[in-house]
>>> print(open('entry_7.cif').read())   # mmCIF, C-alpha atoms
data_coords
loop_
_atom_site.label_atom_id
_atom_site.label_comp_id
_atom_site.auth_asym_id
_atom_site.auth_seq_id
_atom_site.Cartn_x
_atom_site.Cartn_y
_atom_site.Cartn_z
CA MET D 136 106.26 91.60 51.13
CA SER D 137 109.95 91.10 50.59
CA GLU D 138 111.77 89.54 53.51
CA HIS D 139 114.87 91.73 53.38
CA GLU D 140 116.10 93.22 56.61
CA ILE D 141 114.41 96.50 57.49
CA SER D 142 116.49 98.95 59.51
CA LYS D 143 115.66 99.31 63.20
CA ALA D 144 115.05 103.03 62.73
CA VAL D 145 112.36 102.34 60.13
CA VAL D 146 110.76 99.63 62.26
CA LYS D 147 110.57 102.08 65.16
CA ARG D 148 108.58 104.46 62.96
CA LEU D 149 106.10 101.85 61.67
CA PRO D 150 103.69 101.91 64.65
CA ARG D 151 103.27 105.64 64.17
CA TYR D 152 102.44 105.19 60.46
CA TYR D 153 100.04 102.48 61.49
CA ARG D 154 98.32 104.82 63.95
CA TYR D 155 97.96 107.66 61.43
CA LEU D 156 96.70 105.32 58.72
CA GLY D 157 94.16 103.88 61.19
CA ASP D 158 92.93 107.41 61.93
CA LEU D 159 92.61 108.05 58.18
CA ILE D 160 90.55 104.88 57.74
CA ASN D 161 88.28 106.02 60.56
CA ALA D 162 87.92 109.34 58.75
CA ASN D 163 86.98 107.47 55.53
CA VAL D 164 90.05 108.66 53.64
CA GLU D 165 90.82 106.16 50.88
CA ARG D 166 94.09 107.45 49.51
CA ILE D 167 96.76 109.91 50.53
CA SER D 168 99.88 111.39 48.98
CA SER D 169 103.23 111.36 50.73
CA ASN D 170 102.98 115.17 50.85
CA GLU D 171 99.67 115.12 52.71
CA LEU D 172 100.91 112.43 55.08
CA SER D 173 104.07 114.49 55.57
CA THR D 174 102.07 117.53 56.73
CA MET D 175 99.92 115.43 59.08
CA MET D 176 102.82 113.57 60.63
CA ASN D 177 105.29 116.44 60.64
CA VAL D 178 108.05 114.48 58.89
CA THR D 179 109.43 115.12 55.41
CA ALA D 180 107.68 113.59 52.40
CA SER D 181 110.99 112.14 51.27
CA GLN D 182 111.37 110.34 54.61
CA ILE D 183 107.90 108.89 54.18
CA ARG D 184 108.63 107.75 50.62
CA GLN D 185 111.93 106.22 51.68
CA ASP D 186 110.39 104.44 54.66
CA LEU D 187 107.45 103.06 52.74
CA ASN D 188 109.59 102.05 49.76
CA ASN D 189 111.07 99.42 52.04
CA PHE D 190 107.93 97.41 51.55
CA GLY D 191 107.84 97.88 47.79
CA GLY D 192 105.41 99.60 45.47
CA PHE D 193 102.67 100.74 47.83
CA GLY D 194 102.60 104.24 46.38
CA GLN D 195 101.73 105.22 42.84
CA GLN D 196 102.88 108.42 41.21
CA GLY D 197 99.99 110.88 41.00
CA TYR D 198 97.67 108.59 42.91
CA GLY D 199 99.23 108.33 46.33
CA TYR D 200 98.97 105.52 48.80
CA ASN D 201 95.96 103.28 49.20
CA VAL D 202 95.31 103.89 52.89
CA LYS D 203 93.58 100.61 53.71
CA TYR D 204 96.12 98.51 51.85
CA LEU D 205 99.11 100.28 53.39
CA HIS D 206 97.57 100.03 56.88
CA SER D 207 97.02 96.33 56.43
CA GLU D 208 100.53 95.70 55.00
CA ILE D 209 102.22 97.58 57.85
CA GLY D 210 99.99 95.67 60.25
CA LYS D 211 101.28 92.40 58.77
CA ILE D 212 104.90 93.51 59.05
CA LEU D 213 104.29 94.37 62.71
CA GLY D 214 102.69 90.95 63.23
CA LEU D 215 99.24 92.41 63.92
CA ASP D 216 97.56 89.94 61.56
CA LYS D 217 98.09 87.24 64.18
CA THR D 218 96.77 86.82 67.69
CA TYR D 219 98.84 86.45 70.84
CA ASN D 220 98.13 85.20 74.32
CA MET D 221 99.60 87.37 76.99
CA VAL D 222 100.02 87.29 80.75
CA ILE D 223 100.69 90.19 83.07
CA VAL D 224 102.95 89.48 86.02
CA GLY D 225 102.41 92.18 88.62
CA GLY D 226 98.78 93.01 89.34
CA GLY D 227 99.29 96.46 90.85
CA HIS D 228 98.07 99.70 89.29
CA LEU D 229 100.34 99.46 86.26
CA GLY D 230 99.40 95.83 85.57
CA GLN D 231 95.74 96.65 85.97
CA ALA D 232 96.14 99.68 83.70
CA LEU D 233 97.52 97.39 80.96
CA ALA D 234 94.75 94.84 81.54
CA ASN D 235 92.20 97.60 81.03
CA TYR D 236 93.51 98.75 77.63
CA VAL D 237 90.83 97.40 75.32
CA ASN D 238 92.91 98.47 72.32
CA PHE D 239 95.44 95.71 72.96
CA GLU D 240 92.65 93.13 72.67
CA ARG D 241 91.41 94.74 69.45
CA ARG D 242 94.90 94.46 67.95
CA GLY D 243 95.07 90.75 68.72
CA PHE D 244 96.80 90.76 72.12
CA SER D 245 94.57 88.73 74.47
CA ILE D 246 95.41 89.06 78.12
CA ILE D 247 94.44 85.73 79.61
CA GLY D 248 96.17 85.79 82.98
CA ILE D 249 97.23 88.29 85.65
CA PHE D 250 99.54 87.24 88.48
CA ASP D 251 100.63 88.82 91.73
CA ILE D 252 102.21 87.75 95.00
CA ASN D 253 99.90 89.89 97.15
CA PRO D 254 97.20 87.66 98.71
CA ALA D 255 94.92 90.70 99.00
CA LEU D 256 94.62 90.68 95.19
CA ASP D 257 93.90 86.93 94.91
CA GLY D 258 90.74 86.40 92.87
CA LYS D 259 90.18 90.08 92.14
CA ILE D 260 88.60 90.40 88.69
CA VAL D 261 90.10 92.89 86.23
CA ARG D 262 88.08 93.21 83.01
CA GLY D 263 86.90 89.64 83.38
CA ILE D 264 90.33 88.22 84.26
CA PRO D 265 90.90 86.91 87.80
CA ILE D 266 94.22 87.81 89.45
CA ARG D 267 96.03 84.57 90.35
CA MET D 268 98.88 84.03 92.77
CA THR D 269 102.34 83.99 91.18
CA ASP D 270 103.12 80.45 92.38
CA GLU D 271 100.47 79.26 89.92
CA LEU D 272 102.34 80.87 87.02
CA PRO D 273 104.56 77.92 85.92
CA GLN D 274 101.56 75.55 85.67
CA PHE D 275 99.51 78.22 83.90
CA LEU D 276 102.29 78.64 81.32
CA LYS D 277 102.37 74.87 80.79
CA ASP D 278 98.58 74.68 80.34
CA ASN D 279 98.26 77.67 78.02
CA GLU D 280 100.20 78.79 75.00
CA ILE D 281 101.55 82.17 76.05
CA GLN D 282 103.69 84.17 73.65
CA ILE D 283 104.03 87.43 75.55
CA ALA D 284 104.49 88.32 79.22
CA ALA D 285 104.32 91.84 80.60
CA LEU D 286 106.39 92.37 83.74
CA THR D 287 104.85 95.12 85.83
CA LEU D 288 106.57 94.42 89.11
CA PRO D 289 109.68 95.60 90.94
CA LYS D 290 113.17 94.88 89.69
CA SER D 291 113.94 91.95 92.00
CA GLY D 292 110.65 90.25 91.12
CA ALA D 293 111.30 90.68 87.41
CA GLU D 294 114.71 89.02 87.72
CA THR D 295 113.13 86.02 89.46
CA ILE D 296 110.22 85.71 87.05
CA ALA D 297 112.12 86.08 83.75
CA PRO D 298 113.80 82.63 83.92
CA ILE D 299 110.45 81.00 84.76
CA LEU D 300 108.92 82.59 81.67
CA VAL D 301 111.84 81.50 79.50
CA GLU D 302 111.78 77.90 80.80
CA ASN D 303 108.11 77.68 79.95
CA GLY D 304 108.44 78.85 76.38
CA VAL D 305 107.54 82.54 76.54
CA LYS D 306 109.43 84.24 73.69
CA ALA D 307 108.58 87.89 74.25
CA ILE D 308 108.86 89.95 77.42
CA TRP D 309 107.43 93.43 77.79
CA ASN D 310 109.53 94.66 80.66
CA PHE D 311 108.43 97.59 82.81
CA ALA D 312 110.83 96.77 85.66
CA HIS D 313 113.88 99.04 85.96
CA THR D 314 116.40 96.41 85.13
CA ASP D 315 117.94 94.90 82.01
CA LEU D 316 116.83 91.29 81.83
CA HIS D 317 119.30 88.62 80.78
CA VAL D 318 117.55 86.14 78.51
CA PRO D 319 118.60 83.70 75.76
CA GLU D 320 118.98 85.21 72.31
CA ASP D 321 115.78 83.69 70.96
CA VAL D 322 113.75 85.64 73.52
CA VAL D 323 112.96 89.27 72.75
CA VAL D 324 112.60 92.00 75.34
CA GLU D 325 111.02 95.41 74.90
CA ASN D 326 111.75 97.74 77.81
CA VAL D 327 109.50 100.50 79.04
CA HIS D 328 111.55 102.28 81.66
CA LEU D 329 109.31 105.05 82.94
CA SER D 330 111.93 106.72 85.19
CA GLU D 331 114.28 106.96 82.23
CA SER D 332 111.57 108.50 80.11
CA LEU D 333 110.93 111.07 82.86
CA MET D 334 114.66 111.86 83.01
CA GLN D 335 114.62 112.42 79.25
CA LEU D 336 111.79 114.89 79.73
CA SER D 337 113.72 116.61 82.50
CA TYR D 338 116.77 116.88 80.22
CA ASP D 339 114.65 118.35 77.43
CA LEU D 340 112.98 120.78 79.85
CA ASN D 341 116.40 122.07 80.90
CA HIS D 342 117.75 122.31 77.36
CA ARG D 343 114.68 123.51 75.51
CA LYS D 344 114.52 126.29 72.98
CA MET D 345 113.36 129.51 74.50
CA LYS D 346 110.27 131.09 73.01
CA THR D 347 111.11 133.43 70.15
CA GLN D 348 108.89 136.47 70.55
CA MET R 52 130.44 120.91 82.51
CA SER R 53 130.82 122.30 79.02
CA GLU R 54 127.62 123.55 77.46
CA HIS R 55 128.20 122.20 73.96
CA GLU R 56 125.37 120.37 72.28
CA ILE R 57 125.24 116.65 73.16
CA SER R 58 123.80 114.40 70.48
CA LYS R 59 120.29 113.08 71.04
CA ALA R 60 121.57 109.50 70.85
CA VAL R 61 123.97 110.10 73.74
CA VAL R 62 121.29 111.86 75.79
CA LYS R 63 119.00 108.86 75.30
CA ARG R 64 121.68 106.63 76.83
CA LEU R 65 122.38 108.84 79.87
CA PRO R 66 119.51 107.59 82.07
CA ARG R 67 120.81 104.05 81.69
CA TYR R 68 124.33 105.10 82.75
CA TYR R 69 122.72 106.93 85.64
CA ARG R 70 120.85 103.78 86.69
CA TYR R 71 123.95 101.55 86.54
CA LEU R 72 126.07 104.08 88.41
CA GLY R 73 123.37 104.35 91.08
CA ASP R 74 123.44 100.56 91.47
CA LEU R 75 127.24 100.70 91.82
CA ILE R 76 126.97 103.35 94.53
CA ASN R 77 124.48 101.14 96.38
CA ALA R 78 126.99 98.30 96.09
CA ASN R 79 129.71 100.58 97.55
CA VAL R 80 131.79 100.54 94.37
CA GLU R 81 133.93 103.68 94.30
CA ARG R 82 135.53 103.47 90.89
CA ILE R 83 135.05 101.52 87.71
CA SER R 84 136.88 101.17 84.42
CA SER R 85 135.17 101.55 81.08
CA ASN R 86 135.90 97.85 80.49
CA GLU R 87 134.09 96.75 83.63
CA LEU R 88 131.17 99.07 82.91
CA SER R 89 131.14 97.72 79.37
CA THR R 90 130.70 94.13 80.59
CA MET R 91 127.95 95.12 83.03
CA MET R 92 126.03 97.21 80.54
CA ASN R 93 126.64 95.04 77.51
CA VAL R 94 127.89 97.89 75.34
CA THR R 95 131.41 98.35 73.99
CA ALA R 96 134.01 100.06 76.17
CA SER R 97 134.78 102.42 73.32
CA GLN R 98 131.14 103.49 73.16
CA ILE R 99 131.25 104.19 76.90
CA ARG R 100 134.45 106.21 76.60
CA GLN R 101 133.06 108.16 73.67
CA ASP R 102 129.78 108.87 75.44
CA LEU R 103 131.36 109.93 78.70
CA ASN R 104 134.02 112.03 76.98
CA ASN R 105 131.21 114.35 76.00
CA PHE R 106 131.26 115.66 79.52
CA GLY R 107 135.02 116.04 79.68
CA GLY R 108 137.65 114.32 81.73
CA PHE R 109 135.64 112.14 84.07
CA GLY R 110 137.81 109.11 83.46
CA GLN R 111 141.49 108.76 84.23
CA GLN R 112 143.79 106.33 82.47
CA GLY R 113 144.56 103.39 84.78
CA TYR R 114 142.21 104.64 87.45
CA GLY R 115 138.81 104.48 85.84
CA TYR R 116 135.79 106.56 86.61
CA ASN R 117 134.91 107.93 90.01
CA VAL R 118 131.44 106.41 90.33
CA LYS R 119 129.90 108.96 92.69
CA TYR R 120 131.26 111.93 90.77
CA LEU R 121 130.15 110.58 87.40
CA HIS R 122 126.70 109.72 88.79
CA SER R 123 126.31 113.20 90.16
CA GLU R 124 127.55 114.89 86.95
CA ILE R 125 125.20 112.86 84.75
CA GLY R 126 122.42 113.65 87.23
CA LYS R 127 123.14 117.37 86.77
CA ILE R 128 123.09 117.06 83.00
CA LEU R 129 119.72 115.33 83.23
CA GLY R 130 118.46 118.09 85.50
CA LEU R 131 118.13 115.79 88.51
CA ASP R 132 119.88 118.27 90.80
CA LYS R 133 116.72 120.37 90.76
CA THR R 134 113.20 119.72 91.99
CA TYR R 135 110.05 119.83 89.92
CA ASN R 136 106.38 120.11 90.73
CA MET R 137 104.27 117.78 88.69
CA VAL R 138 100.58 117.15 88.13
CA ILE R 139 98.95 114.04 86.75
CA VAL R 140 95.91 114.56 84.57
CA GLY R 141 93.96 111.32 84.39
CA GLY R 142 93.46 109.58 87.72
CA GLY R 143 92.76 106.07 86.40
CA HIS R 144 95.01 103.07 86.93
CA LEU R 145 97.91 104.46 84.92
CA GLY R 146 97.77 107.85 86.64
CA GLN R 147 97.59 106.16 90.03
CA ALA R 148 100.48 103.88 89.09
CA LEU R 149 102.62 106.96 88.36
CA ALA R 150 101.51 108.63 91.58
CA ASN R 151 102.62 105.54 93.49
CA TYR R 152 106.19 105.48 92.11
CA VAL R 153 108.17 106.66 95.12
CA ASN R 154 111.31 106.78 92.99
CA PHE R 155 110.06 109.82 91.10
CA GLU R 156 109.77 111.70 94.39
CA ARG R 157 113.27 110.61 95.39
CA ARG R 158 114.66 111.97 92.12
CA GLY R 159 113.07 115.37 92.75
CA PHE R 160 109.78 115.02 90.91
CA SER R 161 107.04 115.93 93.41
CA ILE R 162 103.56 115.01 92.34
CA ILE R 163 101.37 117.64 93.96
CA GLY R 164 98.09 117.22 92.11
CA ILE R 165 96.04 114.52 90.41
CA PHE R 166 93.02 115.40 88.28
CA ASP R 167 90.20 113.44 86.72
CA ILE R 168 86.75 114.10 85.28
CA ASN R 169 85.16 111.09 86.97
CA PRO R 170 83.16 112.28 90.03
CA ALA R 171 83.56 108.80 91.57
CA LEU R 172 87.28 109.59 92.02
CA ASP R 173 86.72 113.05 93.56
CA GLY R 174 88.61 113.29 96.85
CA LYS R 175 90.14 109.81 96.60
CA ILE R 176 93.58 109.91 98.24
CA VAL R 177 96.54 108.42 96.35
CA ARG R 178 99.77 108.36 98.35
CA GLY R 179 98.60 111.41 100.29
CA ILE R 180 97.41 113.34 97.23
CA PRO R 181 93.67 113.94 96.79
CA ILE R 182 92.23 113.48 93.29
CA ARG R 183 90.62 116.75 92.20
CA MET R 184 88.12 117.38 89.44
CA THR R 185 89.65 118.53 86.13
CA ASP R 186 87.70 121.80 86.10
CA GLU R 187 89.84 122.89 89.06
CA LEU R 188 93.02 122.39 87.02
CA PRO R 189 93.42 125.94 85.55
CA GLN R 190 93.15 127.56 88.98
CA PHE R 191 95.50 124.97 90.49
CA LEU R 192 98.08 125.76 87.81
CA LYS R 193 97.76 129.47 88.58
CA ASP R 194 98.16 128.91 92.32
CA ASN R 195 101.12 126.50 92.10
CA GLU R 196 104.29 126.53 90.08
CA ILE R 197 104.00 123.39 87.98
CA GLN R 198 106.78 122.49 85.56
CA ILE R 199 105.65 119.05 84.42
CA ALA R 200 102.27 117.49 83.62
CA ALA R 201 101.72 113.81 82.95
CA LEU R 202 98.76 113.10 80.68
CA THR R 203 97.32 109.69 81.48
CA LEU R 204 93.95 110.04 79.84
CA PRO R 205 92.41 109.20 76.46
CA LYS R 206 93.47 110.94 73.26
CA SER R 207 90.55 113.39 73.06
CA GLY R 208 91.04 114.44 76.67
CA ALA R 209 94.76 115.00 76.10
CA GLU R 210 94.08 117.26 73.14
CA THR R 211 91.71 119.38 75.25
CA ILE R 212 94.01 119.57 78.26
CA ALA R 213 97.30 120.35 76.49
CA PRO R 214 96.36 123.97 75.58
CA ILE R 215 95.19 124.59 79.18
CA LEU R 216 98.58 123.41 80.46
CA VAL R 217 100.44 125.57 77.95
CA GLU R 218 98.35 128.70 78.74
CA ASN R 219 99.16 128.25 82.39
CA GLY R 220 102.89 127.99 81.96
CA VAL R 221 103.57 124.24 82.03
CA LYS R 222 106.71 123.70 79.94
CA ALA R 223 107.00 119.90 79.94
CA ILE R 224 104.36 117.32 79.08
CA TRP R 225 104.79 113.60 79.69
CA ASN R 226 102.24 112.28 77.25
CA PHE R 227 100.79 108.78 77.59
CA ALA R 228 97.81 109.49 75.30
CA HIS R 229 98.01 107.95 71.83
CA THR R 230 98.23 111.19 69.98
CA ASP R 231 100.91 113.65 68.94
CA LEU R 232 100.31 116.87 70.83
CA HIS R 233 100.72 120.19 69.05
CA VAL R 234 102.39 122.64 71.41
CA PRO R 235 104.52 125.79 71.06
CA GLU R 236 108.23 125.19 70.50
CA ASP R 237 109.22 126.23 74.01
CA VAL R 238 107.17 123.35 75.44
CA VAL R 239 108.74 119.91 75.43
CA VAL R 240 106.82 116.65 75.08
CA GLU R 241 108.00 113.16 75.90
CA ASN R 242 105.70 110.49 74.53
CA VAL R 243 105.12 107.07 76.09
CA HIS R 244 102.95 105.28 73.57
CA LEU R 245 102.32 101.87 75.09
CA SER R 246 100.50 100.38 72.08
CA GLU R 247 103.42 101.32 69.88
CA SER R 248 105.85 99.70 72.27
CA LEU R 249 103.74 96.52 72.21
CA MET R 250 103.77 96.58 68.38
CA GLN R 251 107.53 96.86 68.47
CA LEU R 252 107.65 93.77 70.67
CA SER R 253 105.32 91.95 68.30
CA TYR R 254 107.59 92.88 65.36
CA ASP R 255 110.65 91.63 67.24
CA LEU R 256 108.84 88.41 68.22
CA ASN R 257 108.09 87.73 64.57
CA HIS R 258 111.60 88.58 63.36
CA ARG R 259 113.68 87.17 66.17
CA LYS R 260 116.75 85.03 65.84
CA MET R 261 116.02 81.36 66.18
CA LYS R 262 117.81 79.50 68.93
CA THR R 263 121.10 78.04 67.76
CA GLN R 264 121.38 74.60 69.29
#
>>> encode(input="entry_7.cif", output="structure tokens")
Amino acid sequence: MSEHEISKAVVKRLPRYYRYLGDLINANVERISSNELSTMMNVTASQIRQDLNNFGGFGQQGYGYNVKYLHSEIGKILGLDKTYNMVIVGGGHLGQALANYVNFERRGFSIIGIFDINPALDGKIVRGIPIRMTDELPQFLKDNEIQIAALTLPKSGAETIAPILVENGVKAIWNFAHTDLHVPEDVVVENVHLSESLMQLSYDLNHRKMKTQ
Amino acid sequence: MSEHEISKAVVKRLPRYYRYLGDLINANVERISSNELSTMMNVTASQIRQDLNNFGGFGQQGYGYNVKYLHSEIGKILGLDKTYNMVIVGGGHLGQALANYVNFERRGFSIIGIFDINPALDGKIVRGIPIRMTDELPQFLKDNEIQIAALTLPKSGAETIAPILVENGVKAIWNFAHTDLHVPEDVVVENVHLSESLMQLSYDLNHRKMKTQ
């Protein structure tokens, strides 16, 4: 694959392509045209061609895309050909929900530690992983190579934990706390702000198209 | 407020303004300039002025924005001046995590029902709300006015439940299942696809800026 810069808008669409192509593989579909993919995904065929052209020559005129090949190439671009060690800081319902997603494991994201400050959770086993107390986190990060940390704890906790993660070499933070973390520029943060997503839904609900009878 | 169409990009930024303005209110800040807000939020002052100009005359030259007024106006635009009844379909960890977010309640989103197909969860109380069996959902929707449903269940379940919600008048679906729901055009869907968010993080991790020493 060429290493030119891909636009952020295209990158944001890649996981969805990856999901649809995975479904096609499961359905034993070997190749697909941009028109067919367009109908399935409800985006224009020209958008699909433009997006996928970024990665060079995957499609062939009159033949379509090789589903398995395209799925694997997009996977590589997304970094899914590697494996990552991950910790979850915040062992409440949301943290436990993440720990229970077997799909993350299948995609190469191994959750190897869960941390919480609540003594009542100490030693609780979630899908084979014991919940540890948060004061053990710095040593755990030193002893294990952790690339990704999910923060599923309140705002104030997240702001305390982020510097500890950074000091101990974590380069990617999946932040569910309702705050914007301040981290050095070589550390990446992906925010999942659930309240903001709910507000978006509320906006859309209040500005939706009325049914045309 | 003027009822002209606001661009989707601006709407996507409104919840973040709302969050920062709420923090300012909590800190007893009465007014703020676009420059100060710009520094706090790490976006350009001109972007802030452009965004907030969409709602007409909130800012005054040399005075800045009235924090409380702006917070309340953005809240109205987002529909947060109303209250909504909400159900959660899928009473596992993720569903229970949502049910436990007291902030949703404070913003006017009342969770009044949680549903699951697992008999082991039948009658379990989550923050005062009993988990009911999913076969009771259609009647519950008929008996209560529900505007929003959160789907925190696997893909196949979501595809079965969505039409039941639509038939019974639910107009907004907060979809956590890894599938694109097909609903009539007067029903709005907001997707939270956690795997896709994690892939985004993995992409960013693999394409991040190296530290400049």
>>> resolve_selection(input="entry_7.cif", expression="the PyMOL selection byres ((chain R) within 8 of (chain D))", output="JSON, numbers by chain")
{"R": [62, 63, 66, 67, 128, 129, 130, 131, 143, 144, 145, 147, 148, 154, 155, 222, 223, 224, 225, 236, 237, 238, 239, 240, 241, 243, 246, 247, 248, 249, 250, 251, 252, 253, 254, 255, 256, 257, 259, 260, 261, 262]}
>>> write_last_selection(input="entry_7.cif", atoms="C-alpha atoms", output="CSV table (one decimal), keeping the file's coordinate frame")
chain,number,residue,atom,x,y,z
R,62,VAL,CA,121.3,111.9,75.8
R,63,LYS,CA,119.0,108.9,75.3
R,66,PRO,CA,119.5,107.6,82.1
R,67,ARG,CA,120.8,104.0,81.7
R,128,ILE,CA,123.1,117.1,83.0
R,129,LEU,CA,119.7,115.3,83.2
R,130,GLY,CA,118.5,118.1,85.5
R,131,LEU,CA,118.1,115.8,88.5
R,143,GLY,CA,92.8,106.1,86.4
R,144,HIS,CA,95.0,103.1,86.9
R,145,LEU,CA,97.9,104.5,84.9
R,147,GLN,CA,97.6,106.2,90.0
R,148,ALA,CA,100.5,103.9,89.1
R,154,ASN,CA,111.3,106.8,93.0
R,155,PHE,CA,110.1,109.8,91.1
R,222,LYS,CA,106.7,123.7,79.9
R,223,ALA,CA,107.0,119.9,79.9
R,224,ILE,CA,104.4,117.3,79.1
R,225,TRP,CA,104.8,113.6,79.7
R,236,GLU,CA,108.2,125.2,70.5
R,237,ASP,CA,109.2,126.2,74.0
R,238,VAL,CA,107.2,123.4,75.4
R,239,VAL,CA,108.7,119.9,75.4
R,240,VAL,CA,106.8,116.6,75.1
R,241,GLU,CA,108.0,113.2,75.9
R,243,VAL,CA,105.1,107.1,76.1
R,246,SER,CA,100.5,100.4,72.1
R,247,GLU,CA,103.4,101.3,69.9
R,248,SER,CA,105.8,99.7,72.3
R,249,LEU,CA,103.7,96.5,72.2
R,250,MET,CA,103.8,96.6,68.4
R,251,GLN,CA,107.5,96.9,68.5
R,252,LEU,CA,107.6,93.8,70.7
R,253,SER,CA,105.3,92.0,68.3
R,254,TYR,CA,107.6,92.9,65.4
R,255,ASP,CA,110.6,91.6,67.2
R,256,LEU,CA,108.8,88.4,68.2
R,257,ASN,CA,108.1,87.7,64.6
R,259,ARG,CA,113.7,87.2,66.2
R,260,LYS,CA,116.8,85.0,65.8
R,261,MET,CA,116.0,81.4,66.2
R,262,LYS,CA,117.8,79.5,68.9
>>> resolve_selection(input="entry_7.cif", expression="the PyMOL selection byres ((chain R and resi 168) around 12)", output="ChimeraX atom specification")
/R:140-143,165-167,169-174,182-188,204-205,208,212
>>> residues_near_point(input="entry_7.cif", point="(132.7, 111.3, 94.5)", cutoff="12 Å", atoms="all atoms listed in the file", output="VMD selection string")
chain R and resid 72 76 79 to 82 109 116 to 124
>>> closest_residue(input="entry_7.cif", among="D:Ile246, D:Ala312, D:Ala293, D:Val145", to="Ile281 in chain D", atoms="all atoms listed in the file")
D:Ile246
>>> residues_around(input="entry_7.cif", residues="Ala96 in chain R", least_positions_apart="3", cutoff="6 Å", atoms="only C-alpha atoms", output="list in words")
Ser85, Asn86, Ser89 and Ile99 of chain R
>>> residues_near_point(input="entry_7.cif", point="(109.6, 80.4, 85.7)", cutoff="10 Å", atoms="all atoms listed in the file", output="JSON list (two decimals) with C-alpha atoms, in the coordinates of the input")
[["chain", "number", "residue", "atom", "x", "y", "z"],
["D", 269, "THR", "CA", 102.34, 83.99, 91.18],
["D", 270, "ASP", "CA", 103.12, 80.45, 92.38],
["D", 272, "LEU", "CA", 102.34, 80.87, 87.02],
["D", 273, "PRO", "CA", 104.56, 77.92, 85.92],
["D", 274, "GLN", "CA", 101.56, 75.55, 85.67],
["D", 276, "LEU", "CA", 102.29, 78.64, 81.32],
["D", 295, "THR", "CA", 113.13, 86.02, 89.46],
["D", 296, "ILE", "CA", 110.22, 85.71, 87.05],
["D", 297, "ALA", "CA", 112.12, 86.08, 83.75],
["D", 298, "PRO", "CA", 113.80, 82.63, 83.92],
["D", 299, "ILE", "CA", 110.45, 81.00, 84.76],
["D", 300, "LEU", "CA", 108.92, 82.59, 81.67],
["D", 301, "VAL", "CA", 111.84, 81.50, 79.50],
["D", 302, "GLU", "CA", 111.78, 77.90, 80.80],
["D", 303, "ASN", "CA", 108.11, 77.68, 79.95],
["D", 304, "GLY", "CA", 108.44, 78.85, 76.38],
["D", 305, "VAL", "CA", 107.54, 82.54, 76.54]]
>>> atom_distance(input="entry_7.cif", atom1="CA of Val318 in chain D", atom2="CA of Glu280 in chain D")
19.2 Å
>>> resolve_selection(input="entry_7.cif", expression="the PyMOL selection byres ((chain D and resi 222) around 6)", output="tab-separated table (two decimals) with C-alpha atoms, in the frame of the given file")
chain	number	residue	atom	x	y	z
D	221	MET	CA	99.60	87.37	76.99
D	223	ILE	CA	100.69	90.19	83.07
D	246	ILE	CA	95.41	89.06	78.12
D	247	ILE	CA	94.44	85.73	79.61
D	248	GLY	CA	96.17	85.79	82.98
D	249	ILE	CA	97.23	88.29	85.65
D	284	ALA	CA	104.49	88.32	79.22
>>> atom_distance(input="entry_7.cif", atom1="CA of Leu232 in chain R", atom2="CA of Lys206 in chain R")
9.4 Å
>>> atom_distance(input="entry_7.cif", atom1="CA of Val237 in chain D", atom2="CA of Asp186 in chain D")
29.3 Å
>>> axis_aligned_box(input="entry_7.cif", around="range 200-207 of chain R", padding_each_side="8 Å", output="AutoDock Vina command-line options")
--center_x 96.4 --center_y 113.3 --center_z 78.3 --size_x 27.7 --size_y 24.3 --size_z 26.6
